[in-house]
Amino acid sequence: MTESNFSLKKIEISVSEAEKRTGRNAMNMQETYTAYLIETRSVEHSDGQSVLTDSLWRRYSEFELLRNYLLVYYPHIVVPPLPEKRAEFVWHKLSADNMDPDFVERRRIGLENFLLRVASHPILCRDKIFYLFLTQEGNWKETVNETGFQLKADSRLKALNATFRVKNPDKRFIELKHYSDELQSVISHLLRVRARVADRLYGVYKVHGNYGRVFSEWSAIEKEMGDGLQSAGHHMDVYASSIDDILEDEEHYADQLKEYLFYAEALRAVCRKHELMQYDLEMAAQDLASKKQQCEELATGTVRTFSLKGMTTKLFGQETPEQREARIKMLEEQIKEGEQQLKSKNLEGREFVKNAWADIERFKEQKNHDLKEALISYAVMQISMCKKVDFTITFFTNMHFCLSLLGI
(Lines give C-alpha, C1' and ligand atoms only; values in the text may rest on other atoms or scores of the structure.)
Protein backbone atom coordinates (compact mmCIF):
# COMPACT_ATOMS: atom_id res chain seq x y z
CA MET A 1 0.00 0.00 0.00
CA THR A 2 1.40 3.39 -0.94
CA GLU A 3 1.43 6.50 1.17
CA SER A 4 -1.29 8.21 -0.89
CA ASN A 5 -3.90 5.45 -1.01
CA PHE A 6 -3.46 4.77 2.72
CA SER A 7 -4.78 8.27 3.41
CA LEU A 8 -7.91 7.46 1.41
CA LYS A 9 -8.55 4.11 3.08
CA LYS A 10 -11.08 4.30 5.91
CA ILE A 11 -10.10 2.24 8.94
CA GLU A 12 -11.16 1.93 12.54
CA ILE A 13 -8.37 1.98 15.13
CA SER A 14 -8.60 0.73 18.69
CA VAL A 15 -6.26 -0.18 21.52
CA SER A 16 -8.35 -3.01 22.87
CA GLU A 17 -6.19 -4.72 25.50
CA ALA A 18 -3.28 -4.21 27.87
CA GLU A 19 -1.06 -7.08 28.97
CA LYS A 20 1.66 -7.24 31.60
CA ARG A 21 4.83 -8.87 30.29
CA THR A 22 8.38 -9.69 31.38
CA GLY A 23 11.42 -9.50 29.13
CA ARG A 24 15.00 -8.35 28.67
CA ASN A 25 15.95 -4.74 27.99
CA ALA A 26 18.89 -3.37 25.96
CA MET A 27 21.19 -3.92 28.97
CA ASN A 28 20.10 -7.60 29.09
CA MET A 29 18.39 -6.98 32.42
CA GLN A 30 14.98 -8.41 33.22
CA GLU A 31 12.16 -5.90 33.27
CA THR A 32 8.39 -5.84 33.57
CA TYR A 33 6.41 -3.76 31.11
CA THR A 34 2.93 -3.36 29.65
CA ALA A 35 2.12 -4.17 26.02
CA TYR A 36 -0.97 -2.83 24.25
CA LEU A 37 -2.96 -4.58 21.53
CA ILE A 38 -3.71 -2.35 18.52
CA GLU A 39 -6.48 -3.47 16.21
CA THR A 40 -7.36 -1.93 12.84
CA ARG A 41 -10.53 -2.68 10.90
CA SER A 42 -11.22 -1.76 7.31
CA VAL A 43 -14.63 -0.23 6.64
CA GLU A 44 -14.42 -0.18 2.85
CA HIS A 45 -15.75 -3.55 1.78
CA SER A 46 -18.39 -4.22 -0.85
CA ASP A 47 -20.68 -5.90 1.66
CA GLY A 48 -20.37 -2.93 4.02
CA GLN A 49 -19.07 -5.14 6.83
CA SER A 50 -16.10 -4.23 9.03
CA VAL A 51 -13.47 -6.99 8.92
CA LEU A 52 -10.42 -7.32 11.17
CA THR A 53 -7.35 -6.64 9.02
CA ASP A 54 -4.48 -6.23 11.47
CA SER A 55 -3.66 -6.62 15.14
CA LEU A 56 -0.32 -6.26 16.88
CA TRP A 57 1.23 -5.47 20.25
CA ARG A 58 3.16 -2.27 21.04
CA ARG A 59 4.98 -1.02 24.12
CA TYR A 60 4.63 2.52 25.43
CA SER A 61 8.23 3.20 24.34
CA GLU A 62 7.23 2.47 20.73
CA PHE A 63 4.45 5.04 20.96
CA GLU A 64 7.12 7.48 22.20
CA LEU A 65 9.35 6.62 19.24
CA LEU A 66 6.49 7.27 16.82
CA ARG A 67 5.72 10.64 18.37
CA ASN A 68 9.39 11.70 18.41
CA TYR A 69 9.58 10.86 14.71
CA LEU A 70 6.45 12.93 13.99
CA LEU A 71 7.88 15.89 15.94
CA VAL A 72 11.03 15.90 13.80
CA TYR A 73 9.41 15.40 10.40
CA TYR A 74 6.42 17.68 11.03
CA PRO A 75 7.82 20.54 13.13
CA HIS A 76 5.05 22.91 12.00
CA ILE A 77 2.32 20.63 13.38
CA VAL A 78 0.94 20.56 16.92
CA VAL A 79 1.60 16.84 17.34
CA PRO A 80 -0.92 15.15 19.68
CA PRO A 81 0.56 14.26 23.09
CA LEU A 82 0.84 10.84 24.66
CA PRO A 83 -0.89 10.07 27.97
CA GLU A 84 1.27 10.37 31.07
CA LYS A 85 3.91 7.70 31.59
CA ARG A 86 3.52 7.92 35.37
CA ALA A 87 0.46 9.06 37.29
CA GLU A 88 0.32 12.77 38.16
CA PHE A 89 -2.15 14.79 40.24
CA VAL A 90 -3.31 11.67 42.07
CA TRP A 91 -5.43 11.64 45.22
CA HIS A 92 -4.99 9.12 48.00
CA LYS A 93 -7.23 6.35 46.66
CA LEU A 94 -5.37 6.26 43.32
CA SER A 95 -2.06 4.47 43.00
CA ALA A 96 0.96 6.27 41.53
CA ASP A 97 2.33 2.90 40.37
CA ASN A 98 2.51 2.78 36.56
CA MET A 99 1.69 -0.96 36.69
CA ASP A 100 -1.53 -0.39 38.65
CA PRO A 101 -4.47 -1.91 36.67
CA ASP A 102 -6.62 1.23 36.90
CA PHE A 103 -3.74 3.42 35.69
CA VAL A 104 -2.90 0.99 32.87
CA GLU A 105 -6.54 1.05 31.75
CA ARG A 106 -6.62 4.85 31.69
CA ARG A 107 -3.36 4.89 29.75
CA ARG A 108 -4.79 2.36 27.28
CA ILE A 109 -7.65 4.77 26.61
CA GLY A 110 -5.16 7.64 26.27
CA LEU A 111 -3.01 5.72 23.77
CA GLU A 112 -6.08 4.91 21.70
CA ASN A 113 -7.01 8.58 21.75
CA PHE A 114 -3.47 9.48 20.59
CA LEU A 115 -3.75 7.16 17.58
CA LEU A 116 -7.18 8.52 16.71
CA ARG A 117 -5.86 12.09 16.92
CA VAL A 118 -3.02 11.25 14.52
CA ALA A 119 -5.31 9.31 12.18
CA SER A 120 -7.79 12.21 12.01
CA HIS A 121 -5.09 14.80 11.25
CA PRO A 122 -5.16 15.78 7.54
CA ILE A 123 -1.35 15.54 7.21
CA LEU A 124 -0.16 13.08 9.83
CA CYS A 125 -2.65 10.43 8.69
CA ARG A 126 -0.78 10.18 5.36
CA ASP A 127 2.56 9.31 6.92
CA LYS A 128 3.95 5.92 5.91
CA ILE A 129 5.73 5.32 9.25
CA PHE A 130 2.41 5.84 11.07
CA TYR A 131 0.75 3.31 8.76
CA LEU A 132 3.55 0.79 9.41
CA PHE A 133 3.18 1.39 13.14
CA LEU A 134 -0.38 0.09 12.83
CA THR A 135 0.41 -2.84 10.53
CA GLN A 136 4.05 -3.95 10.77
CA GLU A 137 4.99 -5.54 14.09
CA GLY A 138 8.45 -6.85 13.21
CA ASN A 139 11.35 -4.55 12.28
CA TRP A 140 9.25 -1.41 12.71
CA LYS A 141 11.86 0.21 14.95
CA GLU A 142 14.56 -0.46 12.36
CA THR A 143 12.38 1.15 9.69
CA VAL A 144 11.95 4.29 11.82
CA ASN A 145 15.64 4.52 12.65
CA GLU A 146 16.54 4.18 8.96
CA THR A 147 14.79 7.51 8.34
CA GLY A 148 17.62 9.17 10.29
CA PHE A 149 15.17 11.35 12.20
CA GLN A 150 17.43 11.38 15.29
CA LEU A 151 20.14 13.19 13.31
CA LYS A 152 17.63 15.84 12.25
CA ALA A 153 16.36 16.47 15.76
CA ASP A 154 17.29 19.86 17.22
CA SER A 155 19.24 19.78 20.46
CA ARG A 156 17.75 21.42 23.55
CA LEU A 157 20.91 23.50 24.00
CA LYS A 158 20.63 24.86 20.46
CA ALA A 159 16.95 25.66 20.99
CA LEU A 160 17.71 27.42 24.29
CA ASN A 161 20.47 29.42 22.60
CA ALA A 162 18.10 30.53 19.85
CA THR A 163 15.47 31.58 22.39
CA PHE A 164 17.80 34.06 24.05
CA ARG A 165 19.74 35.26 21.00
CA VAL A 166 17.07 35.75 18.34
CA LYS A 167 16.71 39.49 17.67
CA ASN A 168 13.45 39.76 15.74
CA PRO A 169 11.03 37.11 17.02
CA ASP A 170 7.55 36.88 15.53
CA LYS A 171 5.09 38.47 17.97
CA ARG A 172 2.45 35.87 17.15
CA PHE A 173 4.70 33.05 18.29
CA ILE A 174 5.72 34.98 21.41
CA GLU A 175 2.03 35.35 22.29
CA LEU A 176 1.47 31.66 21.53
CA LYS A 177 4.30 30.67 23.85
CA HIS A 178 2.87 32.85 26.63
CA TYR A 179 -0.56 31.33 26.02
CA SER A 180 0.82 27.77 26.25
CA ASP A 181 2.58 28.64 29.53
CA GLU A 182 -0.63 30.08 30.96
CA LEU A 183 -2.70 27.14 29.70
CA GLN A 184 -0.34 24.70 31.40
CA SER A 185 -0.37 26.72 34.61
CA VAL A 186 -4.17 27.01 34.75
CA ILE A 187 -4.85 23.33 34.00
CA SER A 188 -2.14 22.22 36.47
CA HIS A 189 -3.76 24.33 39.19
CA LEU A 190 -7.21 23.00 38.29
CA LEU A 191 -6.02 19.39 38.50
CA ARG A 192 -4.32 19.98 41.87
CA VAL A 193 -7.50 21.54 43.27
CA ARG A 194 -9.56 18.68 41.87
CA ALA A 195 -7.28 16.12 43.57
CA ARG A 196 -7.69 17.88 46.95
CA VAL A 197 -11.46 18.08 46.53
CA ALA A 198 -11.60 14.39 45.57
CA ASP A 199 -9.73 13.48 48.76
CA ARG A 200 -12.15 15.42 50.94
CA LEU A 201 -15.24 14.30 49.08
CA TYR A 202 -14.20 10.67 49.30
CA GLY A 203 -13.81 11.02 53.07
CA VAL A 204 -17.22 12.69 53.50
CA TYR A 205 -19.04 10.02 51.52
CA LYS A 206 -17.29 7.14 53.25
CA VAL A 207 -18.22 8.55 56.66
CA HIS A 208 -21.84 7.85 55.72
CA GLY A 209 -20.91 4.17 55.72
CA ASN A 210 -20.58 4.52 59.51
CA TYR A 211 -24.17 5.77 59.65
CA GLY A 212 -25.22 2.67 57.75
CA ARG A 213 -23.50 0.37 60.22
CA VAL A 214 -24.97 2.21 63.25
CA PHE A 215 -28.52 2.19 61.86
CA SER A 216 -28.26 -1.52 61.06
CA GLU A 217 -27.07 -2.30 64.60
CA TRP A 218 -29.81 -0.09 66.03
CA SER A 219 -32.51 -1.85 63.99
CA ALA A 220 -31.64 -5.12 65.72
CA ILE A 221 -32.81 -3.80 69.12
CA GLU A 222 -35.95 -1.98 67.96
CA LYS A 223 -39.22 -3.70 67.13
CA GLU A 224 -41.47 -0.96 65.81
CA MET A 225 -38.69 1.10 64.20
CA GLY A 226 -36.53 -1.85 63.05
CA ASP A 227 -37.58 -1.87 59.39
CA GLY A 228 -37.21 1.89 59.03
CA LEU A 229 -33.76 1.91 60.63
CA GLN A 230 -32.64 -1.01 58.47
CA SER A 231 -33.84 0.86 55.38
CA ALA A 232 -31.97 3.97 56.52
CA GLY A 233 -28.79 1.96 57.02
CA HIS A 234 -29.08 0.46 53.56
CA HIS A 235 -29.57 3.93 52.08
CA MET A 236 -26.44 5.22 53.81
CA ASP A 237 -24.41 2.25 52.54
CA VAL A 238 -25.56 2.87 48.98
CA TYR A 239 -24.81 6.58 49.32
CA ALA A 240 -21.30 5.89 50.69
CA SER A 241 -20.44 3.49 47.87
CA SER A 242 -21.73 5.85 45.14
CA ILE A 243 -18.63 8.05 45.47
CA ASP A 244 -16.50 5.35 43.82
CA ASP A 245 -18.42 5.64 40.52
CA ILE A 246 -18.56 9.43 40.79
CA LEU A 247 -14.81 9.82 41.21
CA GLU A 248 -14.14 7.24 38.51
CA ASP A 249 -16.17 9.39 36.10
CA GLU A 250 -14.30 12.46 37.34
CA GLU A 251 -11.00 10.75 36.55
CA HIS A 252 -12.14 10.48 32.94
CA TYR A 253 -12.64 14.25 32.77
CA ALA A 254 -9.32 14.78 34.54
CA ASP A 255 -7.59 12.75 31.82
CA GLN A 256 -9.20 14.95 29.17
CA LEU A 257 -7.77 18.01 30.90
CA LYS A 258 -4.37 16.33 31.18
CA GLU A 259 -4.32 15.84 27.42
CA TYR A 260 -4.46 19.61 26.94
CA LEU A 261 -1.95 20.08 29.75
CA PHE A 262 0.47 18.07 27.58
CA TYR A 263 -0.70 19.85 24.41
CA ALA A 264 0.81 23.01 25.92
CA GLU A 265 4.28 21.48 25.46
CA ALA A 266 3.40 20.57 21.85
CA LEU A 267 2.58 24.24 21.20
CA ARG A 268 5.92 25.29 22.71
CA ALA A 269 7.71 22.78 20.44
CA VAL A 270 6.32 24.62 17.39
CA CYS A 271 7.43 27.95 18.88
CA ARG A 272 10.94 26.62 19.55
CA LYS A 273 11.28 25.41 15.98
CA HIS A 274 10.27 28.82 14.67
CA GLU A 275 12.81 30.50 16.96
CA LEU A 276 15.53 28.19 15.63
CA MET A 277 14.62 28.97 12.04
CA GLN A 278 14.50 32.71 12.76
CA TYR A 279 17.88 32.53 14.52
CA ASP A 280 19.44 30.66 11.56
CA LEU A 281 17.97 33.26 9.21
CA GLU A 282 19.43 36.13 11.25
CA MET A 283 22.85 34.43 11.44
CA ALA A 284 22.81 33.88 7.66
CA ALA A 285 21.90 37.56 7.10
CA GLN A 286 24.64 38.68 9.49
CA ASP A 287 27.23 36.47 7.79
CA LEU A 288 26.20 37.78 4.36
CA ALA A 289 26.46 41.40 5.52
CA SER A 290 29.94 40.70 6.94
CA LYS A 291 31.16 39.18 3.68
CA LYS A 292 29.76 42.11 1.67
CA GLN A 293 31.59 44.53 3.96
CA GLN A 294 34.85 42.59 3.59
CA CYS A 295 34.48 42.60 -0.19
CA GLU A 296 33.81 46.36 -0.21
CA GLU A 297 36.83 47.04 2.01
CA LEU A 298 39.10 45.00 -0.24
CA ALA A 299 37.77 46.74 -3.34
CA THR A 300 38.17 50.29 -1.92
CA GLY A 301 41.20 49.66 0.27
CA THR A 302 39.49 51.11 3.36
CA VAL A 303 38.88 49.29 6.65
CA ARG A 304 35.83 50.44 8.63
CA THR A 305 36.06 48.08 11.57
CA PHE A 306 38.78 46.36 13.51
CA SER A 307 39.75 42.97 12.10
CA LEU A 308 42.51 40.42 12.48
CA LYS A 309 43.22 40.77 8.77
CA GLY A 310 43.78 44.50 9.18
CA MET A 311 46.30 43.89 11.96
CA THR A 312 48.25 41.31 9.95
CA THR A 313 48.35 43.72 7.00
CA LYS A 314 49.94 46.39 9.17
CA LEU A 315 52.46 43.90 10.57
CA PHE A 316 53.42 42.01 7.41
CA GLY A 317 52.60 44.49 4.63
CA GLN A 318 49.94 44.87 1.96
CA GLU A 319 48.61 42.03 -0.19
CA THR A 320 49.63 41.91 -3.80
CA PRO A 321 46.98 42.97 -6.36
CA GLU A 322 46.68 39.33 -7.48
CA GLN A 323 46.04 38.15 -3.92
CA ARG A 324 43.46 40.88 -3.37
CA GLU A 325 41.68 40.02 -6.63
CA ALA A 326 41.63 36.35 -5.69
CA ARG A 327 40.12 37.15 -2.29
CA ILE A 328 37.53 39.48 -3.85
CA LYS A 329 36.54 36.78 -6.32
CA MET A 330 36.24 34.20 -3.53
CA LEU A 331 34.12 36.58 -1.44
CA GLU A 332 31.87 37.37 -4.40
CA GLU A 333 31.22 33.65 -4.87
CA GLN A 334 30.50 33.27 -1.14
CA ILE A 335 28.19 36.30 -1.28
CA LYS A 336 26.31 34.77 -4.21
CA GLU A 337 25.92 31.49 -2.33
CA GLY A 338 24.94 33.37 0.83
CA GLU A 339 22.24 35.32 -1.02
CA GLN A 340 20.80 32.07 -2.37
CA GLN A 341 20.87 30.51 1.10
CA LEU A 342 19.25 33.59 2.63
CA LYS A 343 16.54 33.56 -0.02
CA SER A 344 15.96 29.86 0.58
CA LYS A 345 15.78 30.34 4.37
CA ASN A 346 13.34 33.23 3.92
CA LEU A 347 11.06 31.10 1.74
CA GLU A 348 11.36 28.18 4.16
CA GLY A 349 10.54 30.45 7.09
CA ARG A 350 7.48 31.94 5.40
CA GLU A 351 6.25 28.47 4.44
CA PHE A 352 6.76 27.26 8.02
CA VAL A 353 4.81 30.18 9.47
CA LYS A 354 1.98 29.68 6.98
CA ASN A 355 1.66 25.93 7.65
CA ALA A 356 2.21 26.25 11.40
CA TRP A 357 -0.40 28.92 11.82
CA ALA A 358 -2.93 26.94 9.79
CA ASP A 359 -2.40 23.94 12.08
CA ILE A 360 -2.52 26.12 15.20
CA GLU A 361 -5.92 27.45 14.10
CA ARG A 362 -7.07 23.87 13.54
CA PHE A 363 -5.83 22.99 17.03
CA LYS A 364 -7.65 25.94 18.60
CA GLU A 365 -10.96 24.85 17.07
CA GLN A 366 -10.39 21.31 18.30
CA LYS A 367 -9.41 22.53 21.79
CA ASN A 368 -12.44 24.82 22.14
CA HIS A 369 -14.79 22.03 21.07
CA ASP A 370 -13.24 19.36 23.30
CA LEU A 371 -12.88 21.45 26.44
CA LYS A 372 -16.38 22.89 26.06
CA GLU A 373 -17.88 19.40 25.85
CA ALA A 374 -15.75 18.09 28.71
CA LEU A 375 -16.61 20.97 31.06
CA ILE A 376 -20.33 20.81 30.22
CA SER A 377 -20.37 17.06 30.87
CA TYR A 378 -18.49 17.61 34.12
CA ALA A 379 -21.01 20.26 35.19
CA VAL A 380 -23.91 17.91 34.41
CA MET A 381 -22.26 15.20 36.49
CA GLN A 382 -21.79 17.63 39.40
CA ILE A 383 -25.46 18.68 39.20
CA SER A 384 -26.49 15.02 39.35
CA MET A 385 -24.26 14.50 42.38
CA CYS A 386 -25.71 17.57 44.11
CA LYS A 387 -29.21 16.23 43.60
CA LYS A 388 -28.18 13.09 45.46
CA VAL A 389 -26.83 15.25 48.27
CA ASP A 390 -30.12 17.21 48.42
CA PHE A 391 -32.00 13.91 48.65
CA THR A 392 -29.80 12.78 51.52
CA ILE A 393 -30.30 16.08 53.38
CA THR A 394 -34.08 15.76 52.93
CA PHE A 395 -33.90 12.17 54.14
CA PHE A 396 -32.06 13.17 57.32
CA THR A 397 -34.48 16.04 57.95
CA ASN A 398 -37.50 13.76 57.68
CA MET A 399 -35.83 11.15 59.88
CA HIS A 400 -35.06 13.75 62.52
CA PHE A 401 -38.71 14.87 62.46
CA CYS A 402 -39.98 11.29 62.83
CA LEU A 403 -37.61 10.56 65.69
CA SER A 404 -38.66 13.74 67.46
CA LEU A 405 -42.29 12.65 67.26
CA LEU A 406 -41.32 9.41 68.91
CA GLY A 407 -39.52 11.33 71.64
CA ILE A 408 -36.08 10.09 70.59
# chains A, B, ... in the order shown; residues from 1 in each chain; ligands from 1
$ residues_around --residues "His208 (chain A)" --least-positions-apart "6" --cutoff "12 Å" --atoms "only C-alpha atoms" --output "mmCIF file with N, CA, C and O atoms, in the first residue's frame"
data_model
loop_
_atom_site.group_PDB
_atom_site.id
_atom_site.type_symbol
_atom_site.label_atom_id
_atom_site.label_comp_id
_atom_site.auth_asym_id
_atom_site.auth_seq_id
_atom_site.Cartn_x
_atom_site.Cartn_y
_atom_site.Cartn_z
ATOM 1 N N LEU A 201 -13.928 14.834 49.428
ATOM 2 C CA LEU A 201 -15.244 14.301 49.076
ATOM 3 C C LEU A 201 -15.320 12.808 49.371
ATOM 4 O O LEU A 201 -16.329 12.306 49.885
ATOM 5 N N TYR A 202 -14.247 12.098 49.038
ATOM 6 C CA TYR A 202 -14.201 10.669 49.304
ATOM 7 C C TYR A 202 -14.376 10.394 50.801
ATOM 8 O O TYR A 202 -15.122 9.504 51.208
ATOM 9 N N VAL A 214 -24.280 1.875 61.988
ATOM 10 C CA VAL A 214 -24.966 2.211 63.247
ATOM 11 C C VAL A 214 -26.469 1.960 63.134
ATOM 12 O O VAL A 214 -27.095 1.380 64.045
ATOM 13 N N PHE A 215 -27.081 2.402 62.026
ATOM 14 C CA PHE A 215 -28.516 2.191 61.859
ATOM 15 C C PHE A 215 -28.858 0.703 61.797
ATOM 16 O O PHE A 215 -29.889 0.260 62.321
ATOM 17 N N ALA A 232 -32.860 2.806 56.452
ATOM 18 C CA ALA A 232 -31.968 3.970 56.518
ATOM 19 C C ALA A 232 -30.514 3.540 56.418
ATOM 20 O O ALA A 232 -29.694 4.174 55.736
ATOM 21 N N GLY A 233 -30.157 2.455 57.088
ATOM 22 C CA GLY A 233 -28.790 1.957 57.025
ATOM 23 C C GLY A 233 -28.405 1.538 55.619
ATOM 24 O O GLY A 233 -27.290 1.819 55.152
ATOM 25 N N HIS A 234 -29.333 0.874 54.941
ATOM 26 C CA HIS A 234 -29.075 0.459 53.565
ATOM 27 C C HIS A 234 -28.864 1.681 52.666
ATOM 28 O O HIS A 234 -27.963 1.696 51.816
ATOM 29 N N HIS A 235 -29.690 2.708 52.875
ATOM 30 C CA HIS A 235 -29.569 3.927 52.080
ATOM 31 C C HIS A 235 -28.193 4.584 52.286
ATOM 32 O O HIS A 235 -27.551 5.033 51.332
ATOM 33 N N MET A 236 -27.742 4.619 53.521
ATOM 34 C CA MET A 236 -26.443 5.219 53.808
ATOM 35 C C MET A 236 -25.299 4.423 53.172
ATOM 36 O O MET A 236 -24.325 4.995 52.673
ATOM 37 N N ASP A 237 -25.435 3.090 53.171
ATOM 38 C CA ASP A 237 -24.409 2.247 52.543
ATOM 39 C C ASP A 237 -24.332 2.505 51.037
ATOM 40 O O ASP A 237 -23.246 2.610 50.458
ATOM 41 N N VAL A 238 -25.516 2.601 50.418
ATOM 42 C CA VAL A 238 -25.562 2.875 48.978
ATOM 43 C C VAL A 238 -24.961 4.249 48.674
ATOM 44 O O VAL A 238 -24.198 4.425 47.715
ATOM 45 N N TYR A 239 -25.327 5.212 49.516
ATOM 46 C CA TYR A 239 -24.812 6.576 49.325
ATOM 47 C C TYR A 239 -23.285 6.606 49.461
ATOM 48 O O TYR A 239 -22.580 7.237 48.672
ATOM 49 N N ALA A 240 -22.747 5.901 50.464
ATOM 50 C CA ALA A 240 -21.297 5.894 50.694
ATOM 51 C C ALA A 240 -20.551 5.249 49.531
ATOM 52 O O ALA A 240 -19.472 5.709 49.131
ATOM 53 N N SER A 241 -21.117 4.190 48.966
ATOM 54 C CA SER A 241 -20.436 3.492 47.868
ATOM 55 C C SER A 241 -20.560 4.221 46.533
ATOM 56 O O SER A 241 -19.792 3.975 45.609
ATOM 57 N N SER A 242 -21.523 5.142 46.419
ATOM 58 C CA SER A 242 -21.728 5.847 45.143
ATOM 59 C C SER A 242 -20.554 6.748 44.778
ATOM 60 O O SER A 242 -20.359 7.075 43.606
ATOM 61 N N ILE A 243 -19.749 7.148 45.751
ATOM 62 C CA ILE A 243 -18.633 8.049 45.468
ATOM 63 C C ILE A 243 -17.583 7.382 44.584
ATOM 64 O O ILE A 243 -16.874 8.056 43.821
ATOM 65 N N VAL A 389 -27.104 14.642 46.962
ATOM 66 C CA VAL A 389 -26.826 15.248 48.268
ATOM 67 C C VAL A 389 -28.083 15.882 48.828
ATOM 68 O O VAL A 389 -28.402 15.737 50.014
ATOM 69 N N THR A 392 -30.287 13.275 50.231
ATOM 70 C CA THR A 392 -29.800 12.779 51.520
ATOM 71 C C THR A 392 -30.138 13.759 52.641
ATOM 72 O O THR A 392 -30.541 13.363 53.743
ATOM 73 N N PHE A 396 -32.445 12.967 55.931
ATOM 74 C CA PHE A 396 -32.059 13.166 57.323
ATOM 75 C C PHE A 396 -33.034 14.100 58.042
ATOM 76 O O PHE A 396 -33.351 13.910 59.221
#
$ residues_around --residues "region 171-182 of chain A" --least-positions-apart "3" --cutoff "6 Å" --atoms "only C-alpha atoms" --output "MDAnalysis selection string"
chainID A and resid 185 264 268 271
$ closest_residue --among "A:Thr320, A:Tyr33, A:Leu191, A:Arg327" --to "Glu297 (chain A)" --atoms "only C-alpha atoms"
A:Arg327
$ closest_residue --among "A:Ser14, A:Thr143, A:Thr32, A:Ser120" --to "Arg108 (chain A)" --atoms "only C-alpha atoms"
A:Ser14
$ atom_distance --atom1 "CA of Tyr60 (chain A)" --atom2 "CA of Glu365 (chain A)"
28.5 Å
$ atom_distance --atom1 "CA of Lys387 (chain A)" --atom2 "CA of Asp227 (chain A)"
25.4 Å
$ atom_distance --atom1 "CA of Asn113 (chain A)" --atom2 "CA of Leu151 (chain A)"
28.8 Å
$ closest_residue --among "A:Thr135, A:Ser188, A:Asn168, A:Thr300" --to "Glu39 (chain A)" --atoms "only C-alpha atoms"
A:Thr135
$ closest_residue --among "A:Pro75, A:Gly138, A:Gly338, A:Pro81" --to "Glu112 (chain A)" --atoms "only C-alpha atoms"
A:Pro81
$ closest_residue --among "A:Gly301, A:Gly349, A:Gly228, A:Gly110" --to "Tyr36 (chain A)" --atoms "only C-alpha atoms"
A:Gly110
$ closest_residue --among "A:Val15, A:Arg106, A:Gln323, A:Asp54" --to "Leu132 (chain A)" --atoms "only C-alpha atoms"
A:Asp54
